[in-house]
Amino acid sequence: MMANIGKSFCNIKHSAAFGQVAVRHLSVTNTNNVAKKQKATLGSANQKNIVLVEGARTPFLMSGTEYKNLMPHDLQREAFKGLLKKTQLPKDCIDYVIVGTVIQESKTANIAREASLGVGISNKTPAHTVTQACISSNQAMTTGANMIASGQCDVVLAGGVDFMSDVPIRFNRTMRKLMLEASKTKSTAALLGKVASVLTHPIKYFTPELPAIAEFSSDEVMGHSADRLAAAFGVTRQAQDEFAIRSHTFAQNATNEGKLNDVIEYKVPGVANPVTKDNGIRVSPMEKMARLKPAFIKPHGTITAANASFLSDGASAVLLMEEGKAKQMGYKPKAYLRNYTYVSQDPKDQLLLGPAYATPTVLEKAGLSLADIDVFEFHEAFAGQILANLTAMESDYFAQKHMNRPKKVGAPPMDKFNLWGGSLSIGHPFGATGCRLVTTAANRLKAEDGKYALLAACAAGGIGHAMIMERHPDN
């Protein structure tokens, strides 16, 4: 099926340079010269306005670096602490706390509650944790937005965290079964018999179960699926490497220019110097990237360590409020959270195509066209995944055959797309990326004098998410 998905729409060609970076990308629908209608607000007198007041995050670090001796709730606590410091929000005003995460530490299963208590939020304030793969904090935010819209809350703290420096590694099931049986064994002889079994067959019992970033339903590692997807859509190795360079270059520029002002300083216990910025941003020469071997499908795959997002540690947080409450408290919100959607498709052959499916759906919900959007922020799991999605969005064939749509939605113009870098360069702590996307989109709307932003992301399980944000007039 994957080959059929890619049929008839691999149309990749050279483009002009974007900033300092020459990028090979898709031939996309030109929306820049389309006469735009006057952009009115998407708000309605019949519904509450949910606003993003502020966002903050720890620096996103490569796993095994400065955060390696922490626990996940430490990072989420610091993200909350940084957000509360930026907003000067009284802690007793918080109605609810929601956090998204993927790789859970069993000791802090409800990490929202542990981080909430750790930062000094009242123990009377409820908190819960959600998980939806790489869009976990997106789910945390939309759950919070729904609670505000329904009148249950006025102030919600939402966030996301993941920590790949210390992932849970379990005894295998054979050993777990024996240990449970041993705990119920009363006679010494029977207990010694179980110990003897372990000593006689140590490999059988002591081989651990390592966590794998693989689909349970298909048993396929995501990188392998992304490699197949890139091949189906005709996305070349060179195009992926060039897109990766683009991401790292834009992230480096944004960092140097102070645009990533959601990043907070973190004095990590036991680390000499405060951590002040993301440490995975590296602009490498094409020649160096070309020498890297395929990471998943060997020897002919096109995805490498340089054009894929890297394992990361980090946490993010956002403050969501009902607009009237925010203004009453003296805040100047950044943006409205408007329409959003979640989609799902075949986790085998369309695992990472969530943005292609979610984008036209959310535009329809908002009554907007692609030309109305000023800022695009898409999650970059792999360069090949991004380019495959853009190809699909630019294809009438894909729209008609796989989406039951009469024509393509069109791909976002690259001069509006991920201009401050993305997950490939900044990092991708699975549960934390959604809040980063929302905060970046809001900040870019102000910096680029835009009205509407569209963010989108794929996730394990073949799930996707997209959201429309509208710049607040006070921003």
# chains A, B, ... in the order shown; residues from 1 in each chain; ligands from 1
>>> closest_atom_pairs(of="region 241-341 of chain A", to="region 154-176 of chain A", cutoff="7 Å", atoms="only C-alpha atoms", output="tab-separated table")
residue	atom	partner	partner_atom	distance
A:Leu311	CA	A:Met164	CA	6.3
A:Ser312	CA	A:Met164	CA	6.0
A:Asp313	CA	A:Phe163	CA	4.5
A:Gly314	CA	A:Val161	CA	5.8
A:Ala315	CA	A:Val161	CA	4.2
A:Ser316	CA	A:Gly159	CA	5.3
A:Ala317	CA	A:Gly159	CA	4.0
A:Val318	CA	A:Ala158	CA	5.4
A:Leu319	CA	A:Leu157	CA	5.0
A:Leu320	CA	A:Val156	CA	5.2
A:Met321	CA	A:Val155	CA	4.6
A:Glu322	CA	A:Asp154	CA	5.2
A:Lys325	CA	A:Asp154	CA	6.6
>>> write_last_selection(atoms="N, CA and C atoms", output="compact mmCIF listing (two decimals), in the first residue's frame")
# COMPACT_ATOMS: atom_id res chain seq x y z
N LEU A 311 16.96 11.96 20.62
CA LEU A 311 16.39 11.70 21.94
C LEU A 311 16.72 12.86 22.86
N SER A 312 15.70 13.37 23.54
CA SER A 312 15.83 14.64 24.26
C SER A 312 15.21 14.56 25.65
N ASP A 313 15.68 15.45 26.51
CA ASP A 313 15.10 15.68 27.83
C ASP A 313 14.58 17.11 27.88
N GLY A 314 13.41 17.31 28.45
CA GLY A 314 12.91 18.68 28.59
C GLY A 314 11.46 18.72 29.00
N ALA A 315 11.03 19.90 29.40
CA ALA A 315 9.64 20.11 29.82
C ALA A 315 9.17 21.49 29.38
N SER A 316 7.88 21.61 29.19
CA SER A 316 7.28 22.88 28.77
C SER A 316 6.01 23.13 29.56
N ALA A 317 5.55 24.37 29.53
CA ALA A 317 4.33 24.73 30.26
C ALA A 317 3.68 25.94 29.61
N VAL A 318 2.36 26.01 29.71
CA VAL A 318 1.61 27.18 29.24
C VAL A 318 0.55 27.54 30.26
N LEU A 319 0.23 28.81 30.29
CA LEU A 319 -0.86 29.31 31.13
C LEU A 319 -2.05 29.64 30.25
N LEU A 320 -3.14 28.91 30.45
CA LEU A 320 -4.38 29.12 29.69
C LEU A 320 -5.43 29.74 30.61
N MET A 321 -6.16 30.72 30.09
CA MET A 321 -7.18 31.37 30.90
C MET A 321 -8.39 31.73 30.05
N GLU A 322 -9.50 31.93 30.72
CA GLU A 322 -10.66 32.55 30.09
C GLU A 322 -10.32 34.02 29.90
N LYS A 325 -11.15 36.62 32.55
CA LYS A 325 -10.37 36.43 33.77
C LYS A 325 -8.96 36.97 33.59
>>> residues_around(residues="Thr125 (chain A)", least_positions_apart="6", cutoff="9 Å", atoms="only C-alpha atoms", output="NGL selection string")
:A and (92 or 94-97 or 113 or 116)
>>> closest_atom_pairs(of="region 89-192 of chain A", to="region 455-470 of chain A", cutoff="7 Å", atoms="only C-alpha atoms", output="Markdown table")
| residue | atom | partner | partner_atom | distance |
| --- | --- | --- | --- | --- |
| A:Ala133 | CA | A:Ala459 | CA | 5.6 |
| A:Cys134 | CA | A:Ala459 | CA | 4.9 |
| A:Ile135 | CA | A:Ala459 | CA | 6.1 |
>>> closest_atom_pairs(of="region 66-174 of chain A", to="region 49-53 of chain A", cutoff="10 Å", atoms="only C-alpha atoms", output="JSON lines")
{"residue": "A:Thr87", "atom": "CA", "partner": "A:Val53", "partner_atom": "CA", "distance": 8.2}
{"residue": "A:Met141", "atom": "CA", "partner": "A:Leu52", "partner_atom": "CA", "distance": 9.8}
{"residue": "A:Gly144", "atom": "CA", "partner": "A:Ile50", "partner_atom": "CA", "distance": 9.4}
{"residue": "A:Ala145", "atom": "CA", "partner": "A:Ile50", "partner_atom": "CA", "distance": 6.3}
{"residue": "A:Asn146", "atom": "CA", "partner": "A:Ile50", "partner_atom": "CA", "distance": 8.9}
{"residue": "A:Met147", "atom": "CA", "partner": "A:Ile50", "partner_atom": "CA", "distance": 10.0}
{"residue": "A:Ile148", "atom": "CA", "partner": "A:Ile50", "partner_atom": "CA", "distance": 7.0}
{"residue": "A:Ala149", "atom": "CA", "partner": "A:Ile50", "partner_atom": "CA", "distance": 7.1}
{"residue": "A:Asp154", "atom": "CA", "partner": "A:Ile50", "partner_atom": "CA", "distance": 9.0}
{"residue": "A:Val155", "atom": "CA", "partner": "A:Ile50", "partner_atom": "CA", "distance": 9.7}
>>> closest_residue(among="A:Ala371, A:Ile111, A:Cys93, A:Leu387", to="Ala326 (chain A)", atoms="only C-alpha atoms")
A:Cys93
>>> closest_residue(among="A:Pro211, A:Asn46, A:Pro90, A:Gly354", to="Met329 (chain A)", atoms="only C-alpha atoms")
A:Pro90
>>> atom_distance(atom1="CA of Pro59 (chain A)", atom2="CA of Thr276 (chain A)")
6.4 Å
>>> select_by_dssp(residues="region 73-143 of chain A", states="strand (DSSP E)", output="ChimeraX atom specification")
/A:96-101,127-130
>>> write_last_selection(atoms="N, CA, C and O atoms", output="PDB file, in the first residue's frame")
ATOM      1  N   TYR A  96      -6.658  24.175  37.891  1.00  0.00           N
ATOM      2  CA  TYR A  96      -6.403  22.793  37.484  1.00  0.00           C
ATOM      3  C   TYR A  96      -5.041  22.713  36.793  1.00  0.00           C
ATOM      4  O   TYR A  96      -4.590  23.685  36.176  1.00  0.00           O
ATOM      5  N   VAL A  97      -4.402  21.542  36.891  1.00  0.00           N
ATOM      6  CA  VAL A  97      -3.106  21.302  36.262  1.00  0.00           C
ATOM      7  C   VAL A  97      -3.175  20.018  35.436  1.00  0.00           C
ATOM      8  O   VAL A  97      -3.656  18.993  35.920  1.00  0.00           O
ATOM      9  N   ILE A  98      -2.710  20.094  34.187  1.00  0.00           N
ATOM     10  CA  ILE A  98      -2.702  18.927  33.294  1.00  0.00           C
ATOM     11  C   ILE A  98      -1.341  18.842  32.611  1.00  0.00           C
ATOM     12  O   ILE A  98      -0.837  19.837  32.096  1.00  0.00           O
ATOM     13  N   VAL A  99      -0.768  17.651  32.590  1.00  0.00           N
ATOM     14  CA  VAL A  99       0.542  17.436  31.967  1.00  0.00           C
ATOM     15  C   VAL A  99       0.476  16.231  31.040  1.00  0.00           C
ATOM     16  O   VAL A  99      -0.160  15.223  31.358  1.00  0.00           O
ATOM     17  N   GLY A 100       1.143  16.337  29.898  1.00  0.00           N
ATOM     18  CA  GLY A 100       1.262  15.222  28.970  1.00  0.00           C
ATOM     19  C   GLY A 100       2.655  14.613  29.031  1.00  0.00           C
ATOM     20  O   GLY A 100       3.646  15.336  29.151  1.00  0.00           O
ATOM     21  N   THR A 101       2.731  13.294  28.967  1.00  0.00           N
ATOM     22  CA  THR A 101       4.029  12.615  28.952  1.00  0.00           C
ATOM     23  C   THR A 101       3.891  11.293  28.230  1.00  0.00           C
ATOM     24  O   THR A 101       2.779  10.771  28.072  1.00  0.00           O
ATOM     25  N   ALA A 127      -4.979  17.730  39.727  1.00  0.00           N
ATOM     26  CA  ALA A 127      -4.046  17.600  38.604  1.00  0.00           C
ATOM     27  C   ALA A 127      -4.152  16.198  38.038  1.00  0.00           C
ATOM     28  O   ALA A 127      -4.343  15.233  38.778  1.00  0.00           O
ATOM     29  N   HIS A 128      -4.041  16.100  36.719  1.00  0.00           N
ATOM     30  CA  HIS A 128      -3.981  14.764  36.121  1.00  0.00           C
ATOM     31  C   HIS A 128      -3.049  14.752  34.925  1.00  0.00           C
ATOM     32  O   HIS A 128      -2.707  15.798  34.367  1.00  0.00           O
ATOM     33  N   THR A 129      -2.637  13.544  34.547  1.00  0.00           N
ATOM     34  CA  THR A 129      -1.653  13.343  33.485  1.00  0.00           C
ATOM     35  C   THR A 129      -2.308  12.623  32.314  1.00  0.00           C
ATOM     36  O   THR A 129      -3.114  11.715  32.494  1.00  0.00           O
ATOM     37  N   VAL A 130      -1.942  13.047  31.103  1.00  0.00           N
ATOM     38  CA  VAL A 130      -2.476  12.426  29.891  1.00  0.00           C
ATOM     39  C   VAL A 130      -1.312  11.911  29.052  1.00  0.00           C
ATOM     40  O   VAL A 130      -0.179  12.372  29.185  1.00  0.00           O
TER      41      VAL A 130
END
>>> residues_around(residues="region 264-271 of chain A", least_positions_apart="5", cutoff="9 Å", atoms="only C-alpha atoms", output="ChimeraX atom specification")
/A:56-59,66-67,69-70,78-79,82-83,276-277
>>> write_last_selection(atoms="all heavy atoms", output="mmCIF file, in the first residue's frame")
data_model
loop_
_atom_site.group_PDB
_atom_site.id
_atom_site.type_symbol
_atom_site.label_atom_id
_atom_site.label_comp_id
_atom_site.auth_asym_id
_atom_site.auth_seq_id
_atom_site.Cartn_x
_atom_site.Cartn_y
_atom_site.Cartn_z
ATOM 1 N N ALA A 56 6.442 28.778 28.755
ATOM 2 C CA ALA A 56 7.835 28.675 29.188
ATOM 3 C C ALA A 56 8.276 27.222 29.051
ATOM 4 O O ALA A 56 7.456 26.311 29.072
ATOM 5 C CB ALA A 56 8.000 29.136 30.635
ATOM 6 N N ARG A 57 9.573 27.037 28.902
ATOM 7 C CA ARG A 57 10.101 25.674 28.846
ATOM 8 C C ARG A 57 11.535 25.654 29.335
ATOM 9 O O ARG A 57 12.243 26.675 29.297
ATOM 10 C CB ARG A 57 10.026 25.110 27.429
ATOM 11 C CG ARG A 57 10.897 25.819 26.387
ATOM 12 C CD ARG A 57 10.789 25.136 25.032
ATOM 13 N NE ARG A 57 11.548 25.821 23.978
ATOM 14 C CZ ARG A 57 12.805 25.555 23.669
ATOM 15 N NH1 ARG A 57 13.474 24.626 24.342
ATOM 16 N NH2 ARG A 57 13.404 26.216 22.682
ATOM 17 N N THR A 58 11.942 24.501 29.803
ATOM 18 C CA THR A 58 13.355 24.320 30.083
ATOM 19 C C THR A 58 14.090 24.263 28.753
ATOM 20 O O THR A 58 13.486 23.976 27.714
ATOM 21 C CB THR A 58 13.608 22.996 30.823
ATOM 22 O OG1 THR A 58 13.318 21.891 29.936
ATOM 23 C CG2 THR A 58 12.749 22.878 32.073
ATOM 24 N N PRO A 59 15.378 24.513 28.734
ATOM 25 C CA PRO A 59 16.126 24.189 27.525
ATOM 26 C C PRO A 59 15.945 22.705 27.203
ATOM 27 O O PRO A 59 15.883 21.870 28.111
ATOM 28 C CB PRO A 59 17.574 24.499 27.911
ATOM 29 C CG PRO A 59 17.463 25.521 29.009
ATOM 30 C CD PRO A 59 16.236 25.136 29.773
ATOM 31 N N GLU A 66 23.359 17.325 30.634
ATOM 32 C CA GLU A 66 23.269 17.983 31.944
ATOM 33 C C GLU A 66 22.093 17.539 32.813
ATOM 34 O O GLU A 66 22.150 17.661 34.040
ATOM 35 C CB GLU A 66 23.223 19.509 31.776
ATOM 36 C CG GLU A 66 24.551 20.146 31.429
ATOM 37 C CD GLU A 66 24.806 20.212 29.951
ATOM 38 O OE1 GLU A 66 24.156 19.439 29.201
ATOM 39 O OE2 GLU A 66 25.644 21.025 29.523
ATOM 40 N N TYR A 67 21.026 17.035 32.222
ATOM 41 C CA TYR A 67 19.867 16.633 33.018
ATOM 42 C C TYR A 67 19.928 15.185 33.494
ATOM 43 O O TYR A 67 19.000 14.699 34.135
ATOM 44 C CB TYR A 67 18.586 16.796 32.197
ATOM 45 C CG TYR A 67 18.210 18.206 31.813
ATOM 46 C CD1 TYR A 67 17.385 18.426 30.701
ATOM 47 C CD2 TYR A 67 18.641 19.308 32.536
ATOM 48 C CE1 TYR A 67 17.010 19.704 30.330
ATOM 49 C CE2 TYR A 67 18.280 20.595 32.171
ATOM 50 C CZ TYR A 67 17.462 20.788 31.059
ATOM 51 O OH TYR A 67 17.086 22.054 30.688
ATOM 52 N N ASN A 69 21.001 13.249 35.739
ATOM 53 C CA ASN A 69 20.800 12.774 37.110
ATOM 54 C C ASN A 69 19.474 13.225 37.724
ATOM 55 O O ASN A 69 19.235 13.009 38.916
ATOM 56 C CB ASN A 69 21.961 13.239 37.992
ATOM 57 C CG ASN A 69 23.277 12.600 37.596
ATOM 58 O OD1 ASN A 69 23.319 11.418 37.234
ATOM 59 N ND2 ASN A 69 24.348 13.367 37.631
ATOM 60 N N LEU A 70 18.616 13.842 36.923
ATOM 61 C CA LEU A 70 17.324 14.316 37.410
ATOM 62 C C LEU A 70 16.254 13.246 37.249
ATOM 63 O O LEU A 70 16.522 12.138 36.771
ATOM 64 C CB LEU A 70 16.911 15.578 36.645
ATOM 65 C CG LEU A 70 17.847 16.781 36.745
ATOM 66 C CD1 LEU A 70 17.372 17.906 35.832
ATOM 67 C CD2 LEU A 70 17.942 17.283 38.188
ATOM 68 N N GLU A 78 10.377 22.634 37.087
ATOM 69 C CA GLU A 78 11.121 23.827 36.693
ATOM 70 C C GLU A 78 10.406 24.608 35.603
ATOM 71 O O GLU A 78 10.447 25.839 35.588
ATOM 72 C CB GLU A 78 12.529 23.435 36.238
ATOM 73 C CG GLU A 78 13.440 22.968 37.348
ATOM 74 C CD GLU A 78 13.589 24.007 38.457
ATOM 75 O OE1 GLU A 78 13.839 25.190 38.124
ATOM 76 O OE2 GLU A 78 13.456 23.639 39.631
ATOM 77 N N ALA A 79 9.761 23.902 34.673
ATOM 78 C CA ALA A 79 8.995 24.602 33.637
ATOM 79 C C ALA A 79 7.849 25.380 34.266
ATOM 80 O O ALA A 79 7.592 26.540 33.903
ATOM 81 C CB ALA A 79 8.474 23.605 32.604
ATOM 82 N N GLY A 82 9.311 28.395 36.113
ATOM 83 C CA GLY A 82 9.667 29.463 35.194
ATOM 84 C C GLY A 82 8.459 30.211 34.674
ATOM 85 O O GLY A 82 8.478 31.444 34.530
ATOM 86 N N LEU A 83 7.384 29.481 34.405
ATOM 87 C CA LEU A 83 6.158 30.115 33.916
ATOM 88 C C LEU A 83 5.536 30.995 34.993
ATOM 89 O O LEU A 83 5.093 32.127 34.722
ATOM 90 C CB LEU A 83 5.167 29.040 33.465
ATOM 91 C CG LEU A 83 3.833 29.521 32.908
ATOM 92 C CD1 LEU A 83 4.034 30.388 31.667
ATOM 93 C CD2 LEU A 83 2.936 28.332 32.571
ATOM 94 N N THR A 276 21.188 27.345 29.837
ATOM 95 C CA THR A 276 20.472 28.519 29.325
ATOM 96 C C THR A 276 19.903 28.343 27.918
ATOM 97 O O THR A 276 19.119 29.168 27.477
ATOM 98 C CB THR A 276 21.399 29.747 29.311
ATOM 99 O OG1 THR A 276 22.535 29.466 28.471
ATOM 100 C CG2 THR A 276 21.876 30.079 30.721
ATOM 101 N N LYS A 277 20.323 27.288 27.209
ATOM 102 C CA LYS A 277 19.833 27.132 25.837
ATOM 103 C C LYS A 277 19.834 25.671 25.420
ATOM 104 O O LYS A 277 20.467 24.817 26.053
ATOM 105 C CB LYS A 277 20.684 27.953 24.867
ATOM 106 C CG LYS A 277 22.151 27.548 24.800
ATOM 107 C CD LYS A 277 22.919 28.454 23.841
ATOM 108 C CE LYS A 277 24.382 28.043 23.758
ATOM 109 N NZ LYS A 277 25.138 28.918 22.818
#
>>> decode(residues="region 155-171 of chain A", atoms="N, CA and C atoms", output="compact mmCIF listing (two decimals), in the first residue's frame")
# COMPACT_ATOMS: atom_id res chain seq x y z
N VAL A 155 -8.65 29.16 35.07
CA VAL A 155 -7.19 29.19 34.97
C VAL A 155 -6.65 27.77 34.99
N VAL A 156 -5.97 27.40 33.91
CA VAL A 156 -5.40 26.05 33.80
C VAL A 156 -3.92 26.15 33.47
N LEU A 157 -3.13 25.38 34.19
CA LEU A 157 -1.72 25.22 33.89
C LEU A 157 -1.57 23.90 33.13
N ALA A 158 -1.06 23.97 31.91
CA ALA A 158 -0.86 22.76 31.10
C ALA A 158 0.61 22.64 30.76
N GLY A 159 1.06 21.42 30.57
CA GLY A 159 2.47 21.24 30.26
C GLY A 159 2.75 19.88 29.68
N GLY A 160 4.03 19.61 29.49
CA GLY A 160 4.45 18.33 28.96
C GLY A 160 5.91 18.08 29.26
N VAL A 161 6.28 16.81 29.39
CA VAL A 161 7.64 16.47 29.75
C VAL A 161 7.98 15.08 29.23
N ASP A 162 9.23 14.89 28.87
CA ASP A 162 9.77 13.55 28.68
C ASP A 162 11.25 13.57 28.99
N PHE A 163 11.74 12.39 29.40
CA PHE A 163 13.09 12.29 29.96
C PHE A 163 13.70 10.98 29.49
N MET A 164 14.57 11.07 28.47
CA MET A 164 15.13 9.87 27.87
C MET A 164 16.48 9.48 28.47
N SER A 165 16.95 10.24 29.46
CA SER A 165 18.23 9.91 30.09
C SER A 165 18.11 8.75 31.07
N ASP A 166 16.89 8.46 31.51
CA ASP A 166 16.69 7.37 32.47
C ASP A 166 15.31 6.76 32.23
N VAL A 167 15.22 5.92 31.24
CA VAL A 167 13.94 5.32 30.90
C VAL A 167 13.72 4.06 31.72
N PRO A 168 12.47 3.71 32.04
CA PRO A 168 12.21 2.50 32.82
C PRO A 168 12.64 1.24 32.07
N ILE A 169 13.48 0.44 32.70
CA ILE A 169 13.90 -0.85 32.15
C ILE A 169 13.41 -1.94 33.10
N ARG A 170 12.59 -2.84 32.60
CA ARG A 170 11.95 -3.82 33.47
C ARG A 170 12.65 -5.18 33.40
N PHE A 171 12.45 -5.94 34.49
CA PHE A 171 12.74 -7.36 34.38
C PHE A 171 11.80 -7.94 33.33
